$ cat input-v3.pdb   # PDB, C-alpha atoms and all ligand atoms
ATOM      1  CA  MET A   1       0.000   0.000   0.000
ATOM      2  CA  VAL A   2       1.293   3.449  -0.884
ATOM      3  CA  LYS A   3       1.590   5.703   2.120
ATOM      4  CA  GLU A   4      -0.502   8.840   1.832
ATOM      5  CA  ASN A   5       2.319  11.239   2.549
ATOM      6  CA  THR A   6       4.727   9.689   0.093
ATOM      7  CA  VAL A   7       6.145  12.566  -1.913
ATOM      8  CA  SER A   8       7.005  12.067  -5.503
ATOM      9  CA  VAL A   9       9.472  14.299  -7.288
ATOM     10  CA  ASN A  10       7.545  16.523  -9.603
ATOM     11  CA  LYS A  11      10.087  17.648 -12.178
ATOM     12  CA  SER A  12       8.020  20.710 -13.085
ATOM     13  CA  GLU A  13       8.756  22.140  -9.631
ATOM     14  CA  ILE A  14      12.480  22.127 -10.219
ATOM     15  CA  VAL A  15      14.050  25.166 -11.812
ATOM     16  CA  VAL A  16      15.694  24.320 -15.067
ATOM     17  CA  TRP A  17      18.304  26.690 -16.401
ATOM     18  CA  ASP A  18      17.059  28.395 -19.491
ATOM     19  CA  GLU A  19      18.913  30.651 -21.910
ATOM     20  CA  LYS A  20      16.304  33.322 -21.192
ATOM     21  CA  TYR A  21      18.114  33.818 -17.879
ATOM     22  CA  ALA A  22      21.495  34.433 -19.520
ATOM     23  CA  THR A  23      22.867  37.957 -19.237
ATOM     24  CA  GLY A  24      26.028  37.254 -21.227
ATOM     25  CA  ILE A  25      28.072  38.456 -18.228
ATOM     26  CA  GLU A  26      30.099  35.485 -17.026
ATOM     27  CA  LEU A  27      30.179  36.370 -13.331
ATOM     28  CA  ILE A  28      26.414  36.926 -13.178
ATOM     29  CA  ASP A  29      25.502  33.869 -15.210
ATOM     30  CA  GLY A  30      27.733  31.706 -12.992
ATOM     31  CA  GLN A  31      26.019  33.061  -9.882
ATOM     32  CA  HIS A  32      22.553  32.654 -11.412
ATOM     33  CA  HIS A  33      23.418  29.007 -12.137
ATOM     34  CA  GLN A  34      24.303  28.663  -8.470
ATOM     35  CA  LEU A  35      20.915  30.175  -7.526
ATOM     36  CA  VAL A  36      19.168  27.586  -9.695
ATOM     37  CA  GLU A  37      21.146  24.892  -7.884
ATOM     38  CA  LEU A  38      20.285  26.226  -4.413
ATOM     39  CA  THR A  39      16.598  26.659  -5.284
ATOM     40  CA  ASN A  40      16.508  23.053  -6.471
ATOM     41  CA  GLN A  41      18.221  21.950  -3.252
ATOM     42  CA  LEU A  42      15.547  23.813  -1.315
ATOM     43  CA  TYR A  43      12.877  22.079  -3.330
ATOM     44  CA  ILE A  44      14.484  18.685  -2.722
ATOM     45  CA  ALA A  45      14.638  19.547   0.996
ATOM     46  CA  CYS A  46      10.831  19.816   0.864
ATOM     47  CA  LEU A  47      10.708  16.145   0.013
ATOM     48  CA  ALA A  48      12.348  15.189   3.304
ATOM     49  CA  LYS A  49      10.344  13.129   5.732
ATOM     50  CA  GLU A  50       8.196  15.011   8.225
ATOM     51  CA  GLU A  51      10.567  14.389  11.181
ATOM     52  CA  VAL A  52      13.566  16.051   9.522
ATOM     53  CA  LEU A  53      11.769  18.427   7.170
ATOM     54  CA  GLN A  54      12.088  21.483   9.417
ATOM     55  CA  VAL A  55      15.833  21.054   9.930
ATOM     56  CA  VAL A  56      16.659  20.181   6.335
ATOM     57  CA  PHE A  57      14.390  22.881   4.953
ATOM     58  CA  ARG A  58      15.729  25.543   7.309
ATOM     59  CA  ASP A  59      19.280  24.633   6.384
ATOM     60  CA  ALA A  60      18.594  24.802   2.633
ATOM     61  CA  MET A  61      16.669  28.053   3.105
ATOM     62  CA  SER A  62      19.495  29.638   5.056
ATOM     63  CA  ARG A  63      22.028  28.693   2.355
ATOM     64  CA  LEU A  64      19.763  30.155  -0.335
ATOM     65  CA  VAL A  65      19.189  33.409   1.552
ATOM     66  CA  LYS A  66      22.934  33.843   2.192
ATOM     67  CA  TYR A  67      23.716  33.250  -1.434
ATOM     68  CA  VAL A  68      20.956  35.554  -2.690
ATOM     69  CA  ARG A  69      22.401  38.370  -0.539
ATOM     70  CA  PHE A  70      25.943  37.653  -1.718
ATOM     71  CA  HIS A  71      24.835  37.556  -5.352
ATOM     72  CA  PHE A  72      22.773  40.759  -5.099
ATOM     73  CA  ASP A  73      25.708  42.507  -3.456
ATOM     74  CA  ALA A  74      28.058  41.444  -6.277
ATOM     75  CA  GLU A  75      25.491  42.361  -8.929
ATOM     76  CA  SER A  76      24.781  45.776  -7.410
ATOM     77  CA  LYS A  77      28.525  46.518  -7.244
ATOM     78  CA  LEU A  78      28.855  45.597 -10.896
ATOM     79  CA  LEU A  79      25.892  47.797 -11.895
ATOM     80  CA  HIS A  80      27.330  50.699  -9.929
ATOM     81  CA  ALA A  81      30.734  50.267 -11.578
ATOM     82  CA  ILE A  82      29.295  50.282 -15.103
ATOM     83  CA  ASN A  83      27.192  53.375 -14.254
ATOM     84  CA  TYR A  84      23.920  51.595 -14.923
ATOM     85  CA  PRO A  85      21.343  54.420 -15.188
ATOM     86  CA  ASP A  86      18.647  52.448 -13.348
ATOM     87  CA  TYR A  87      21.016  51.376 -10.565
ATOM     88  CA  ARG A  88      18.940  52.789  -7.704
ATOM     89  CA  ASN A  89      15.721  51.093  -8.783
ATOM     90  CA  HIS A  90      17.475  47.827  -9.423
ATOM     91  CA  LYS A  91      19.179  47.907  -6.033
ATOM     92  CA  LYS A  92      15.805  48.677  -4.413
ATOM     93  CA  MET A  93      14.297  45.623  -6.127
ATOM     94  CA  HIS A  94      17.084  43.495  -4.644
ATOM     95  CA  ASP A  95      16.486  44.916  -1.177
ATOM     96  CA  ASP A  96      12.715  44.307  -1.462
ATOM     97  CA  LEU A  97      13.280  40.790  -2.736
ATOM     98  CA  VAL A  98      15.595  39.929   0.154
ATOM     99  CA  LYS A  99      13.114  41.421   2.619
ATOM    100  CA  ASN A 100      10.291  39.365   1.102
ATOM    101  CA  ILE A 101      12.329  36.187   1.329
ATOM    102  CA  LEU A 102      13.396  36.888   4.920
ATOM    103  CA  ASP A 103       9.831  37.753   5.980
ATOM    104  CA  THR A 104       8.484  34.600   4.408
ATOM    105  CA  ALA A 105      11.233  32.480   5.926
ATOM    106  CA  GLN A 106      10.534  33.995   9.329
ATOM    107  CA  GLU A 107       6.809  33.323   9.045
ATOM    108  CA  TYR A 108       7.678  29.741   8.251
ATOM    109  CA  ASN A 109      10.020  29.558  11.255
ATOM    110  CA  GLU A 110       7.285  30.966  13.469
ATOM    111  CA  GLY A 111       5.116  28.060  12.509
ATOM    112  CA  LYS A 112       2.737  29.642  10.028
ATOM    113  CA  LYS A 113       1.354  26.757   8.058
ATOM    114  CA  PHE A 114       3.060  26.631   4.715
ATOM    115  CA  VAL A 115       3.241  23.970   2.175
ATOM    116  CA  PRO A 116       7.015  24.123   1.598
ATOM    117  CA  ASN A 117       6.479  23.321  -2.076
ATOM    118  CA  ASN A 118       4.408  26.461  -2.462
ATOM    119  CA  LEU A 119       7.007  28.505  -0.648
ATOM    120  CA  VAL A 120       9.714  27.255  -3.006
ATOM    121  CA  ARG A 121       7.520  28.078  -5.992
ATOM    122  CA  THR A 122       7.026  31.612  -4.678
ATOM    123  CA  LEU A 123      10.771  32.047  -4.152
ATOM    124  CA  LYS A 124      11.434  30.684  -7.593
ATOM    125  CA  ASP A 125       8.964  33.169  -9.111
ATOM    126  CA  TRP A 126      10.456  36.109  -7.211
ATOM    127  CA  ILE A 127      14.048  35.307  -8.000
ATOM    128  CA  PHE A 128      13.756  34.092 -11.550
ATOM    129  CA  GLY A 129      11.032  36.570 -12.486
ATOM    130  CA  HIS A 130      13.553  39.259 -11.544
ATOM    131  CA  ILE A 131      16.387  37.618 -13.456
ATOM    132  CA  ALA A 132      14.373  36.974 -16.617
ATOM    133  CA  VAL A 133      13.027  40.519 -16.805
ATOM    134  CA  TYR A 134      15.089  43.107 -14.946
ATOM    135  CA  ASP A 135      18.516  41.551 -15.242
ATOM    136  CA  LYS A 136      17.971  41.381 -18.991
ATOM    137  CA  LEU A 137      17.654  45.168 -18.986
ATOM    138  CA  TYR A 138      21.112  45.798 -17.512
ATOM    139  CA  SER A 139      22.466  43.014 -19.694
ATOM    140  CA  ALA A 140      21.199  44.888 -22.788
ATOM    141  CA  TYR A 141      22.661  48.136 -21.417
ATOM    142  CA  THR A 142      26.055  46.482 -20.832
ATOM    143  CA  MET A 143      26.151  44.956 -24.306
ATOM    144  CA  GLU A 144      25.213  48.320 -25.806
ATOM    145  CA  GLN A 145      28.063  50.019 -23.911
ATOM    146  CA  ILE A 146      30.464  47.426 -25.286
ATOM    147  CA  ARG A 147      29.079  47.815 -28.811
ATOM    148  CA  LYS A 148      29.484  51.597 -28.667
ATOM    149  CA  GLY A 149      33.015  51.219 -27.332
ATOM    150  CA  ASP A 150      32.188  52.954 -24.024
ATOM    151  CA  LEU A 151      33.072  49.787 -22.132
ATOM    152  CA  SER A 152      35.785  47.317 -23.100
ATOM    153  CA  LEU A 153      35.551  43.600 -22.449
ATOM    154  CA  LYS A 154      38.792  43.897 -20.463
ATOM    155  CA  LYS A 155      37.283  46.588 -18.241
ATOM    156  CA  LEU A 156      34.102  44.518 -17.786
ATOM    157  CA  LYS A 157      36.223  41.544 -16.690
ATOM    158  CA  GLU A 158      38.048  43.741 -14.165
ATOM    159  CA  ILE A 159      34.715  45.001 -12.830
ATOM    160  CA  GLU A 160      33.395  41.429 -12.570
ATOM    161  CA  LEU A 161      36.457  40.364 -10.566
ATOM    162  CA  THR A 162      36.285  43.344  -8.230
ATOM    163  CA  SER A 163      32.515  42.992  -7.712
ATOM    164  CA  ALA A 164      32.785  39.280  -6.929
ATOM    165  CA  GLY A 165      35.819  39.799  -4.706
ATOM    166  CA  SER A 166      34.265  42.515  -2.587
ATOM    167  CA  ALA A 167      30.752  41.087  -2.279
ATOM    168  CA  VAL A 168      29.698  40.176   1.220
ATOM    169  CA  MET A 169      27.949  36.979   2.269
ATOM    170  CA  ALA A 170      25.753  38.600   4.901
TER     171      ALA A 170
HETATM  172 FE    FE B 201      19.270  41.846 -10.286
END
$ encode --input "input-v3.pdb" --output "structure tokens" --more "lines below"
Ligand SMILES: [Fe+2]
Amino acid sequence: MVKENTVSVNKSEIVVWDEKYATGIELIDGQHHQLVELTNQLYIACLAKEEVLQVVFRDAMSRLVKYVRFHFDAESKLLHAINYPDYRNHKKMHDDLVKNILDTAQEYNEGKKFVPNNLVRTLKDWIFGHIAVYDKLYSAYTMEQIRKGDLSLKKLKEIELTSAGSAVMA
């Protein structure tokens, strides 16, 4: 007999990397890949048995939140360095996104009844909705700067290294 709470892996819940997420900026794309990985780990954590779910889920959530903050810090530093005109708005979106994630995680910790799967789906929508739409805008701006000769690939590489090196894992 199949136990009622047996969880089957529903592949549609797992984030699959898609070229629509690609910004063409190596540092960012590498970090976005890592976000896909951590979101999938969080999803897999949801499949843990009831007794360990809280611990496993909390652990995966904490790793994701830390990485999201680190990534947003690196990305914001990069946008600042390339003089992205919409820097302030973009940074604000990052701050709001982190706040949303932290609030939701805290509600979960405080025992508000969540279906972890739904929580992961919400996180996925927040994070990847941002990447697929707003990160594409600065990607287009960056490529345009390179095309016009206002930014060299060498300079972009230097900025990527500095942004990654100085980002903080809060
Ligand atoms: Fe962003």
$ closest_residue --input "input-v3.pdb" --among "A:Val56, A:Ile127, A:Ile159, A:Leu64" --to "A:His94" --atoms "all atoms listed in the file"
A:Ile127
$ resolve_selection --input "input-v3.pdb" --expression "the PyMOL selection byres (((not hetatm)) within 9 of (chain B and resi 201))" --output "NGL selection string"
:A and (71-72 or 75-76 or 90-91 or 93-94 or 127 or 130-131 or 134-136 or 138)
$ atom_distance --input "input-v3.pdb" --atom1 "atom CA of A:Asn109" --atom2 "atom CA of A:Gln54"
8.5 Å
$ resolve_selection --input "input-v3.pdb" --expression "the PyMOL selection byres (((chain A and resi 77) around 12) and not hetatm)" --output "ChimeraX atom specification"
/A:27-28,70-76,78-84,87-88,90-91,159-168
$ resolve_selection --input "input-v3.pdb" --expression "the PyMOL selection byres (((chain A and resi 65) around 12) and not hetatm)" --output "JSON, numbers by chain"
{"A": [35, 38, 39, 42, 58, 59, 60, 61, 62, 63, 64, 66, 67, 68, 69, 70, 71, 72, 97, 98, 99, 100, 101, 102, 103, 104, 105, 106, 123, 127, 169, 170]}
$ closest_residue --input "input-v3.pdb" --among "A:Val120, A:Leu156, A:Val52, A:Ala140" --to "A:Val15" --atoms "only C-alpha atoms"
A:Val120
$ atom_distance --input "input-v3.pdb" --atom1 "atom CA of A:Val16" --atom2 "atom CA of A:Ser139"
20.4 Å
$ closest_residue --input "input-v3.pdb" --among "A:Thr23, A:Asn117, A:Glu144, A:Asp18" --to "A:Ala48" --atoms "all atoms listed in the file"
A:Asn117
$ atom_distance --input "input-v3.pdb" --atom1 "atom CA of A:Gly24" --atom2 "atom CA of A:Glu37"
18.8 Å
$ closest_residue --input "input-v3.pdb" --among "A:Leu153, A:Glu158, A:Arg147, A:Ala132" --to "A:Tyr21" --atoms "all atoms listed in the file"
A:Ala132
$ closest_residue --input "input-v3.pdb" --among "A:Glu107, A:Gly149, A:Leu137, A:Glu19" --to "A:Asp86" --atoms "only C-alpha atoms"
A:Leu137
$ axis_aligned_box --input "input-v3.pdb" --around "stretch 45-62 of chain A" --padding-each-side "8 Å" --output "lines of an AutoDock Vina configuration file"
center_x = 13.8
center_y = 21.4
center_z = 5.6
size_x = 27.3
size_y = 32.5
size_z = 27.2
